[in-house]
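Containing CSV, C-alpha atoms and all ligand atoms: final17.csv.
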chain,number,residue,atom,x,y,z
Z,1,MET,CA,2.0,29.7,-9.3
Z,2,ILE,CA,2.1,26.5,-7.2
Z,3,PRO,CA,0.4,27.2,-3.8
Z,4,ASP,CA,1.9,26.7,-0.3
Z,5,PHE,CA,5.5,25.7,-1.2
Z,6,ASP,CA,8.3,27.6,-2.9
Z,7,PHE,CA,9.6,25.2,-5.6
Z,8,GLU,CA,12.1,27.9,-6.8
Z,9,VAL,CA,11.4,27.2,-10.5
Z,10,ASP,CA,13.6,30.3,-11.5
Z,11,LYS,CA,16.5,28.8,-9.6
Z,12,ILE,CA,16.1,25.5,-11.4
Z,13,ILE,CA,16.0,27.3,-14.8
Z,14,GLU,CA,19.2,29.1,-13.9
Z,15,ALA,CA,20.9,25.8,-13.0
Z,16,ILE,CA,19.7,24.3,-16.3
Z,17,LYS,CA,21.2,27.1,-18.3
Z,18,LYS,CA,24.4,27.3,-16.2
Z,19,GLY,CA,25.1,23.5,-16.7
Z,20,ASN,CA,23.8,23.5,-20.4
Z,21,HIS,CA,21.6,20.6,-19.3
Z,22,THR,CA,19.1,19.0,-21.8
Z,23,THR,CA,17.7,16.5,-19.2
Z,24,ILE,CA,16.8,16.8,-15.6
Z,25,THR,CA,15.6,14.4,-13.0
Z,26,LEU,CA,13.2,15.5,-10.2
Z,27,GLN,CA,13.1,13.8,-6.9
Z,28,PHE,CA,10.2,14.6,-4.5
Z,29,PRO,CA,9.6,13.4,-0.9
Z,30,GLU,CA,6.3,11.5,-0.5
Z,31,GLY,CA,4.4,14.5,0.8
Z,32,LEU,CA,5.2,16.6,-2.3
Z,33,LYS,CA,4.8,14.0,-5.0
Z,34,ARG,CA,1.3,15.1,-5.7
Z,35,ARG,CA,2.7,18.5,-6.8
Z,36,ALA,CA,5.1,16.9,-9.3
Z,37,ALA,CA,3.0,17.4,-12.4
Z,38,LYS,CA,2.5,21.1,-11.6
Z,39,VAL,CA,6.2,21.7,-11.0
Z,40,VAL,CA,7.0,20.0,-14.4
Z,41,SER,CA,4.5,22.2,-16.2
Z,42,GLU,CA,6.0,25.3,-14.6
Z,43,ILE,CA,9.6,24.3,-15.6
Z,44,THR,CA,8.6,23.3,-19.2
Z,45,GLY,CA,6.8,26.6,-19.5
Z,46,LYS,CA,10.2,28.3,-19.0
Z,47,ALA,CA,12.7,26.0,-20.6
Z,48,ASP,CA,13.0,23.4,-23.4
Z,49,ILE,CA,14.1,20.5,-21.3
Z,50,LYS,CA,13.5,16.7,-21.0
Z,51,ILE,CA,12.2,15.9,-17.5
Z,52,ILE,CA,12.1,12.6,-15.7
Z,53,ILE,CA,10.5,12.2,-12.2
Z,54,SER,CA,11.9,9.6,-9.9
Z,55,GLY,CA,9.1,7.4,-8.7
Z,56,GLU,CA,11.2,5.8,-5.9
Z,57,PRO,CA,10.5,6.8,-2.3
Z,58,CYS,CA,12.8,9.6,-1.1
Z,59,TYR,CA,13.0,10.3,2.6
Z,60,GLY,CA,16.1,12.5,2.8
Z,61,ALA,CA,19.1,14.0,1.1
Z,62,CYS,CA,20.8,10.6,2.0
Z,63,ASP,CA,18.6,9.0,-0.5
Z,64,LEU,CA,19.7,10.1,-4.0
Z,65,PRO,CA,19.5,7.9,-7.1
Z,66,ALA,CA,22.9,6.2,-7.8
Z,67,SER,CA,23.2,7.9,-11.2
Z,68,THR,CA,21.2,10.3,-13.3
Z,69,ASP,CA,21.8,12.1,-16.6
Z,70,GLY,CA,22.1,15.8,-16.4
Z,71,LEU,CA,20.8,17.8,-13.4
Z,72,LEU,CA,19.2,16.2,-10.4
Z,73,VAL,CA,16.8,18.4,-8.5
Z,74,ASN,CA,16.0,17.1,-5.0
Z,75,PHE,CA,13.0,18.8,-3.3
Z,76,GLY,CA,12.2,19.0,0.4
Z,77,HIS,CA,15.7,18.6,1.8
Z,78,TYR,CA,19.0,20.4,2.4
Z,79,PRO,CA,22.3,18.8,1.4
Z,80,ILE,CA,24.1,16.8,4.0
Z,81,PRO,CA,27.3,18.7,4.4
Z,82,ASN,CA,29.5,15.8,5.5
Z,83,LEU,CA,28.4,13.6,2.6
Z,84,VAL,CA,30.2,13.9,-0.7
Z,85,GLN,CA,27.6,13.5,-3.4
Z,86,GLU,CA,28.7,13.4,-7.0
Z,87,GLY,CA,27.0,14.9,-10.0
Z,88,ASP,CA,25.2,18.1,-10.6
Z,89,ILE,CA,22.6,18.3,-7.8
Z,90,LEU,CA,20.4,21.1,-6.8
Z,91,PHE,CA,18.6,20.9,-3.4
Z,92,ILE,CA,15.4,22.9,-3.2
Z,93,PRO,CA,14.0,22.9,0.4
Z,94,ALA,CA,10.4,23.6,-0.8
Z,95,ARG,CA,9.8,26.3,1.8
Z,96,SER,CA,6.3,26.6,3.1
Z,97,LYS,CA,4.6,29.9,2.4
Z,98,ILE,CA,2.2,29.7,5.3
Z,99,ASP,CA,2.3,32.4,7.9
Z,100,PRO,CA,3.5,30.8,11.2
Z,101,LEU,CA,2.3,33.6,13.5
Z,102,PRO,CA,-1.3,32.1,14.1
Z,103,VAL,CA,0.1,28.8,15.3
Z,104,LEU,CA,2.9,30.5,17.3
Z,105,LYS,CA,0.2,32.5,19.1
Z,106,LYS,CA,-1.6,29.3,19.9
Z,107,ALA,CA,1.6,27.8,21.3
Z,108,LEU,CA,2.2,30.6,23.8
Z,109,PRO,CA,0.1,29.2,26.7
Z,110,GLU,CA,2.2,26.0,26.5
Z,111,LEU,CA,5.6,27.6,26.7
Z,112,GLU,CA,7.5,27.8,29.9
Z,113,GLY,CA,11.1,28.8,30.7
Z,114,ILE,CA,13.8,29.0,28.0
Z,115,ILE,CA,12.7,27.5,24.6
Z,116,GLY,CA,14.9,25.8,22.0
Z,117,VAL,CA,13.3,26.3,18.6
Z,118,ILE,CA,13.9,23.7,15.9
Z,119,SER,CA,12.5,22.7,12.5
Z,120,THR,CA,12.9,20.9,9.1
Z,121,PRO,CA,13.8,22.5,5.7
Z,122,GLN,CA,10.2,23.3,4.8
Z,123,HIS,CA,9.7,25.5,7.8
Z,124,ILE,CA,13.2,26.4,9.1
Z,125,HIS,CA,13.1,29.8,7.5
Z,126,MET,CA,10.4,30.6,10.0
Z,127,LEU,CA,12.8,30.3,13.0
Z,128,GLY,CA,14.0,33.9,12.9
Z,129,GLN,CA,10.5,35.2,12.8
Z,130,ALA,CA,9.5,32.7,15.6
Z,131,ILE,CA,12.4,33.9,17.9
Z,132,GLU,CA,11.5,37.5,17.3
Z,133,PHE,CA,7.9,36.9,18.1
Z,134,LEU,CA,8.6,34.9,21.2
Z,135,GLN,CA,11.1,37.6,22.4
Z,136,GLU,CA,8.4,40.3,21.9
Z,137,GLN,CA,6.2,38.2,24.2
Z,138,GLY,CA,9.0,38.1,26.9
Z,139,ILE,CA,9.9,34.5,26.2
Z,140,ARG,CA,13.6,33.6,25.8
Z,141,ALA,CA,14.2,31.4,22.8
Z,142,VAL,CA,17.4,30.0,21.3
Z,143,ILE,CA,18.5,28.0,18.3
Z,144,GLY,CA,21.2,25.2,18.6
Z,145,LYS,CA,24.0,24.4,16.2
Z,146,GLY,CA,24.2,20.7,15.2
Z,147,SER,CA,26.8,18.3,13.9
Z,148,GLU,CA,28.2,18.3,10.3
Z,149,ARG,CA,25.3,16.2,9.1
Z,150,LEU,CA,23.1,19.3,9.4
Z,151,HIS,CA,23.1,22.1,6.9
Z,152,THR,CA,21.5,24.8,9.0
Z,153,ASP,CA,21.4,25.8,12.7
Z,154,GLY,CA,18.2,24.7,14.3
Z,155,GLN,CA,17.7,21.9,11.9
Z,156,VAL,CA,16.5,18.4,12.8
Z,157,LEU,CA,16.7,15.2,10.8
Z,158,GLY,CA,14.9,12.0,11.6
Z,159,CYS,CA,18.4,10.6,12.3
Z,160,ASN,CA,20.1,13.6,13.9
Z,161,THR,CA,18.9,15.7,16.8
Z,162,SER,CA,22.3,17.2,17.6
Z,163,ALA,CA,21.1,20.8,17.2
Z,164,ALA,CA,18.7,20.2,20.1
Z,165,ARG,CA,21.0,17.9,22.1
Z,166,ASN,CA,23.7,20.6,22.0
Z,167,ILE,CA,21.5,23.0,23.9
Z,168,THR,CA,19.6,20.7,26.3
Z,169,GLU,CA,21.6,22.2,29.3
Z,170,LYS,CA,20.4,25.7,28.4
Z,171,ILE,CA,16.7,25.1,27.7
Z,172,ASP,CA,13.6,23.9,29.5
Z,173,MET,CA,11.6,22.7,26.5
Z,174,LEU,CA,11.6,22.5,22.7
Z,175,LEU,CA,9.3,24.1,20.2
Z,176,PHE,CA,9.2,22.2,16.9
Z,177,ILE,CA,7.8,24.2,14.0
Z,178,GLY,CA,6.7,21.8,11.3
Z,179,THR,CA,4.5,18.9,10.3
Z,180,GLY,CA,4.3,15.2,11.1
Z,181,ASN,CA,5.3,13.4,14.3
Z,182,PHE,CA,8.5,11.6,13.4
Z,183,HIS,CA,10.9,14.5,13.9
Z,184,PRO,CA,9.4,15.5,17.2
Z,185,LEU,CA,9.5,11.9,18.3
Z,186,ALA,CA,13.2,11.7,17.4
Z,187,LEU,CA,13.7,15.0,19.4
Z,188,ALA,CA,11.7,13.6,22.4
Z,189,LEU,CA,13.8,10.4,22.4
Z,190,GLY,CA,17.0,12.1,21.6
Z,191,THR,CA,16.8,15.0,24.1
Z,192,LYS,CA,14.4,13.8,26.8
Z,193,LYS,CA,13.0,17.4,26.9
Z,194,PRO,CA,9.3,18.3,26.7
Z,195,ILE,CA,8.3,19.1,23.1
Z,196,ILE,CA,5.5,21.3,21.8
Z,197,ILE,CA,4.7,20.9,18.1
Z,198,ALA,CA,3.4,24.0,16.3
Z,199,ASP,CA,2.1,22.7,13.0
Z,200,PRO,CA,1.6,25.6,10.6
Z,201,VAL,CA,-0.2,23.4,8.0
Z,202,LEU,CA,-2.8,21.9,10.4
Z,203,LYS,CA,-2.7,25.2,12.4
Z,204,GLU,CA,-2.6,23.1,15.6
Z,205,ILE,CA,-0.5,22.6,18.7
Z,206,ARG,CA,0.3,19.0,19.7
Z,207,LYS,CA,2.3,17.3,22.4
Z,208,ILE,CA,4.2,14.1,21.8
Z,209,ASP,CA,4.2,12.6,25.3
Z,210,GLU,CA,1.6,9.9,24.7
Z,211,LEU,CA,3.2,8.9,21.4
Z,212,LYS,CA,6.6,8.8,23.0
Z,213,GLU,CA,5.3,6.5,25.8
Z,214,LYS,CA,3.6,4.3,23.2
Z,215,VAL,CA,6.7,4.0,21.1
Z,216,LEU,CA,8.8,3.2,24.1
Z,217,ARG,CA,6.4,0.4,25.1
Z,218,GLN,CA,6.6,-1.0,21.5
Z,219,ARG,CA,10.4,-0.8,21.5
Z,220,HIS,CA,10.5,-2.6,24.9
Z,221,ALA,CA,8.3,-5.4,23.4
Z,222,VAL,CA,10.4,-5.7,20.2
Z,223,ILE,CA,13.7,-5.8,22.3
Z,224,THR,CA,12.2,-8.5,24.5
Z,225,GLN,CA,11.3,-10.6,21.4
Z,226,ALA,CA,14.7,-10.0,19.8
Z,227,LYS,CA,16.5,-11.3,23.0
Z,228,GLU,CA,15.5,-14.8,22.1
Z,229,ALA,CA,17.1,-14.6,18.6
Z,230,LYS,CA,20.1,-16.9,17.9
Z,231,THR,CA,20.7,-15.7,14.3
Z,232,PHE,CA,20.7,-12.0,13.4
Z,233,GLY,CA,20.5,-10.3,10.0
Z,234,ILE,CA,22.5,-7.0,10.1
Z,235,LEU,CA,20.9,-4.7,7.6
Z,236,LEU,CA,23.3,-2.5,5.6
Z,237,SER,CA,22.0,0.2,3.2
Z,238,THR,CA,23.6,0.7,-0.2
Z,239,LYS,CA,22.4,4.3,0.0
Z,240,GLN,CA,25.5,6.4,0.5
Z,241,GLY,CA,24.0,8.6,3.2
Z,242,GLN,CA,22.7,5.7,5.2
Z,243,ARG,CA,25.6,3.3,4.8
Z,244,ARG,CA,27.3,2.5,8.1
Z,245,GLU,CA,29.5,-0.4,7.1
Z,246,GLU,CA,32.0,-0.1,10.0
Z,247,LEU,CA,29.1,-0.2,12.5
Z,248,ALA,CA,27.7,-3.3,10.7
Z,249,HIS,CA,31.0,-5.1,11.2
Z,250,GLN,CA,31.3,-4.0,14.9
Z,251,ILE,CA,27.8,-5.3,15.5
Z,252,ALA,CA,28.8,-8.7,13.9
Z,253,ASP,CA,31.8,-8.8,16.3
Z,254,LYS,CA,29.6,-8.0,19.3
Z,255,LEU,CA,27.1,-10.7,18.4
Z,256,LYS,CA,29.9,-13.3,17.9
Z,257,GLU,CA,31.3,-12.4,21.3
Z,258,ALA,CA,27.8,-13.0,22.8
Z,259,GLY,CA,27.6,-16.4,21.1
Z,260,LYS,CA,25.1,-15.4,18.5
Z,261,SER,CA,25.5,-15.8,14.8
Z,262,SER,CA,24.9,-13.0,12.2
Z,263,VAL,CA,25.0,-12.2,8.5
Z,264,ILE,CA,25.5,-8.7,7.0
Z,265,ILE,CA,23.0,-8.2,4.2
Z,266,GLU,CA,23.0,-5.1,2.0
Z,267,MET,CA,20.1,-3.7,0.1
Z,268,GLU,CA,19.0,-0.4,-1.3
Z,269,THR,CA,15.5,-0.3,0.1
Z,270,ALA,CA,14.4,-2.8,2.7
Z,271,THR,CA,10.9,-4.4,2.2
Z,272,PRO,CA,9.2,-7.1,4.3
Z,273,GLN,CA,9.4,-9.4,1.3
Z,274,LYS,CA,13.2,-8.9,0.9
Z,275,LEU,CA,13.9,-9.4,4.6
Z,276,ASP,CA,11.6,-12.3,5.1
Z,277,ALA,CA,13.4,-14.3,2.4
Z,278,PHE,CA,16.5,-14.6,4.7
Z,279,LYS,CA,14.7,-16.4,7.6
Z,280,VAL,CA,16.8,-14.9,10.4
Z,281,ASP,CA,15.4,-14.6,13.9
Z,282,ALA,CA,15.9,-10.8,14.2
Z,283,TRP,CA,17.3,-7.9,12.4
Z,284,VAL,CA,19.6,-5.0,13.5
Z,285,SER,CA,19.2,-2.1,11.1
Z,286,THR,CA,22.2,0.1,10.5
Z,287,ALA,CA,20.2,1.9,7.7
Z,288,CYS,CA,17.8,4.8,8.4
Z,289,PRO,CA,16.6,4.7,12.0
Z,290,ARG,CA,13.0,5.3,10.8
Z,291,LEU,CA,12.9,1.7,9.5
Z,292,ALA,CA,13.0,0.1,12.9
Z,293,ILE,CA,10.8,2.7,14.7
Z,294,ASP,CA,8.2,3.6,12.0
Z,295,ASP,CA,7.9,0.4,10.0
Z,296,TYR,CA,8.6,-2.5,12.5
Z,297,MET,CA,5.0,-3.8,12.3
Z,298,ALA,CA,5.4,-4.6,8.6
Z,299,TYR,CA,8.2,-7.1,9.3
Z,300,THR,CA,7.8,-10.7,10.4
Z,301,SER,CA,11.0,-10.9,12.5
Z,302,PRO,CA,11.7,-8.2,15.2
Z,303,ILE,CA,13.8,-5.3,13.8
Z,304,ILE,CA,15.9,-3.3,16.3
Z,305,THR,CA,18.4,-0.4,16.2
Z,306,PRO,CA,22.1,-0.7,17.2
Z,307,PRO,CA,21.6,1.0,20.6
Z,308,GLU,CA,18.7,-1.4,21.3
Z,309,LEU,CA,21.1,-4.4,20.5
Z,310,ASP,CA,23.4,-3.0,23.2
Z,311,ILE,CA,20.5,-3.3,25.7
Z,312,ILE,CA,20.0,-7.0,24.6
Z,313,LEU,CA,23.7,-7.7,25.0
Z,314,GLY,CA,23.9,-6.0,28.4
Z,315,HIS,CA,26.1,-3.1,27.3
Z,316,ARG,CA,23.3,-0.6,28.1
Z,317,GLU,CA,20.5,-0.4,30.6
Z,318,TRP,CA,16.9,0.0,29.4
Z,319,GLU,CA,16.7,3.2,31.6
Z,320,ASP,CA,19.5,4.7,29.4
Z,321,TYR,CA,17.5,4.1,26.2
Z,322,ILE,CA,18.8,6.3,23.4
Z,323,PHE,CA,17.6,7.0,19.9
Z,324,ASP,CA,19.7,5.7,17.0
Z,325,GLU,CA,21.4,8.7,15.3
Z,326,ILE,CA,23.7,9.1,12.4
Z,327,GLU,CA,26.4,11.7,12.8
T,401,LIG,S1,18.9,8.4,7.2
T,401,LIG,FE1,16.6,8.5,7.4
T,401,LIG,S2,16.2,10.1,8.9
T,401,LIG,FE2,18.3,10.4,8.2
T,401,LIG,S3,18.3,11.8,6.5
T,401,LIG,FE3,18.1,9.8,5.6
T,401,LIG,S4,15.9,9.4,5.4
T,401,LIG,FE4,16.2,11.1,6.9
How does the structure come out when it is put into structure tokens?
Amino acid sequence: MIPDFDFEVDKIIEAIKKGNHTTITLQFPEGLKRRAAKVVSEITGKADIKIIISGEPCYGACDLPASTDGLLVNFGHYPIPNLVQEGDILFIPARSKIDPLPVLKKALPELEGIIGVISTPQHIHMLGQAIEFLQEQGIRAVIGKGSERLHTDGQVLGCNTSAARNITEKIDMLLFIGTGNFHPLALALGTKKPIIIADPVLKEIRKIDELKEKVLRQRHAVITQAKEAKTFGILLSTKQGQRREELAHQIADKLKEAGKSSVIIEMETATPQKLDAFKVDAWVSTACPRLAIDDYMAYTSPIITPPELDIILGHREWEDYIFDEIE
């Protein structure tokens, strides 16, 4: 048995049999790649099947290989409902088996008013238990329903905080159950509500305020730098779930109106080496919003999001800063 996460090997075996597959491809997010060999050995212990593991980075269900033979098994994500994805694909959220109660108990002193509870696929099955526990403690807790990019109520993606945004009027703060800081950061920037992170893996409670302020200072500096640019590269992803072609053309039109030149450049995965080859003064990324926020230090030219370009062009005030989201 592989500890900590449920890789649902029996469900995979069932899908192999149902589709009469002889080959499967496994796709793991970065944090689960180290479990890949163990998952392969569990599957091959139960089925006579050829297995290939994708070595490419995978940050979401938006990020599937263009084509694979047989069954594709994507771990760590739910499907994106408003995205038509071809082929035989099985999404396994890799649910954490950790008991969330110890960390929820630690969170209690931090919670005030009505709480919106939110999570990612690895921990979202804990939301029901969390709500029940909070209600037993006399705390009112609710779960929001998001846009069609989200598979499950109470889910957050790094590019979509709609399940939280849709309940901001009703709640005083958000409780994020999960790991890492990027999703809470997206929630903080997307909802402007206080966030408490209850991390069941590290068994700790964190706040995001300092990181949010630091990121806003960084974004302000990047925007200021990009204001000087005369030529922009508009980054367009070839990944189906990140491709915003209409937006890329709208951005090109806006830049033209503002007297700036631009080129739309498509690529599957952006790397500093690929971007630097084009020698533009700044980039606007229409691909995954994480690129500009998480990785901007790796790039020579400033890289901004579409709402940040609106600030540069005077269509939006800095005080109305919003996070880039994909609906
Ligand atoms: S676009 Fe980025 S944040 Fe959104 S699902 Fe894909 S990888 Fe995650």
Next on the checklist: Using all atoms listed in the file, which residues have at least one atom no more than 7 Å from ligand LIG 401 (chain T)? Output them as a ChimeraX atom specification.
Outcome noted: /Z:59-63,157-160,241-242,287-290,326
Checklist entry - Quick one: residues within 8 Å of stretch 94-100 of chain Z, all atoms listed in the file counted, chain neighbours fewer than 3 positions away excluded, as an NGL selection string? => result :Z and (3-8 or 75-77 or 103-104 or 121-123 or 125-126 or 130 or 200-201)
Write a file of the selected residues as a compact mmCIF listing (two decimals), keeping the file's coordinate frame, keeping C-alpha atoms.
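Resulting contents of again12.txt:
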# COMPACT_ATOMS: atom_id res chain seq x y z
CA PRO Z 3 0.40 27.20 -3.80
CA ASP Z 4 1.90 26.70 -0.30
CA PHE Z 5 5.50 25.70 -1.20
CA ASP Z 6 8.30 27.60 -2.90
CA PHE Z 7 9.60 25.20 -5.60
CA GLU Z 8 12.10 27.90 -6.80
CA PHE Z 75 13.00 18.80 -3.30
CA GLY Z 76 12.20 19.00 0.40
CA HIS Z 77 15.70 18.60 1.80
CA VAL Z 103 0.10 28.80 15.30
CA LEU Z 104 2.90 30.50 17.30
CA PRO Z 121 13.80 22.50 5.70
CA GLN Z 122 10.20 23.30 4.80
CA HIS Z 123 9.70 25.50 7.80
CA HIS Z 125 13.10 29.80 7.50
CA MET Z 126 10.40 30.60 10.00
CA ALA Z 130 9.50 32.70 15.60
CA PRO Z 200 1.60 25.60 10.60
CA VAL Z 201 -0.20 23.40 8.00
Checklist entry - atom CA of Z:Thr22 and atom CA of Z:Ile52 are how many Å apart? => result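 So the answer is 11.3 Å.
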Item to check | Surrounding residues of stretch 319-324 of chain Z excluding itself and chain neighbours under 3 positions, 10 Å, only C-alpha atoms, as a PyMOL selection string | outcome: chain Z and resi 158-161+185-192+216+219-220+285-286+288-290+292-293+304-308+310-311+316+327
Next on the checklist: Here is a test: counting all atoms listed in the file, which residue of Z:Gly154, Z:Gly70, Z:Gly138, Z:Gly87 is nearest to Z:Leu108?
Outcome noted: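 Checking each candidate against Z:Leu108, we get Z:Gly138 as the closest.
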Next on the checklist: Set the distance at 9 Å and use only C-alpha atoms: which residues neighbour Z:Gly146 once local chain neighbours fewer than 3 positions away are removed? I'd like the list as a list in words.
Outcome noted: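 Near Z:Gly146, the qualifying residues are Arg149, Leu150, His151, Thr152, Asp153, Gly154, Gln155, Val156, Asn160, Thr161, Ser162, Ala163, Ala164, Arg165 and Asn166 of chain Z.
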Next on the checklist: Could you list, as a list in words, every residue within 8 Å of stretch 263-276 of chain Z, counting all atoms listed in the file and ignoring same-chain residues fewer than 5 positions away?
Outcome noted: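 Residues meeting the cut-off are Phe232, Gly233, Ile234, Leu235, Leu236, Ser237, Thr238, Lys239, Ala248, His249, Ala252, Ala298, Tyr299, Thr300 and Ser301 of chain Z.
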Checklist entry - Within 8 Å of Z:Val40, counting all atoms listed in the file, which residues qualify if same-chain residues fewer than 4 places away don't, as a PyMOL selection string? => result chain Z and resi 36+44+51
Please check which residues have atoms at most 8 Å from (8.4, 21.1, 10.5) in the file's coordinates, counting all atoms listed in the file, and write them as a compact mmCIF listing (two decimals) with C-alpha atoms, in the frame of the given file.
# COMPACT_ATOMS: atom_id res chain seq x y z
CA SER Z 119 12.50 22.70 12.50
CA THR Z 120 12.90 20.90 9.10
CA PRO Z 121 13.80 22.50 5.70
CA GLN Z 122 10.20 23.30 4.80
CA HIS Z 123 9.70 25.50 7.80
CA ILE Z 124 13.20 26.40 9.10
CA PHE Z 176 9.20 22.20 16.90
CA ILE Z 177 7.80 24.20 14.00
CA GLY Z 178 6.70 21.80 11.30
CA THR Z 179 4.50 18.90 10.30
CA GLY Z 180 4.30 15.20 11.10
CA HIS Z 183 10.90 14.50 13.90
CA ASP Z 199 2.10 22.70 13.00
Item to check | Shortest interatomic distance to Z:Ile43 - which of Z:Arg206, Z:Thr68, Z:Lys145, Z:Val9, counting all atoms listed in the file | outcome: Z:Val9
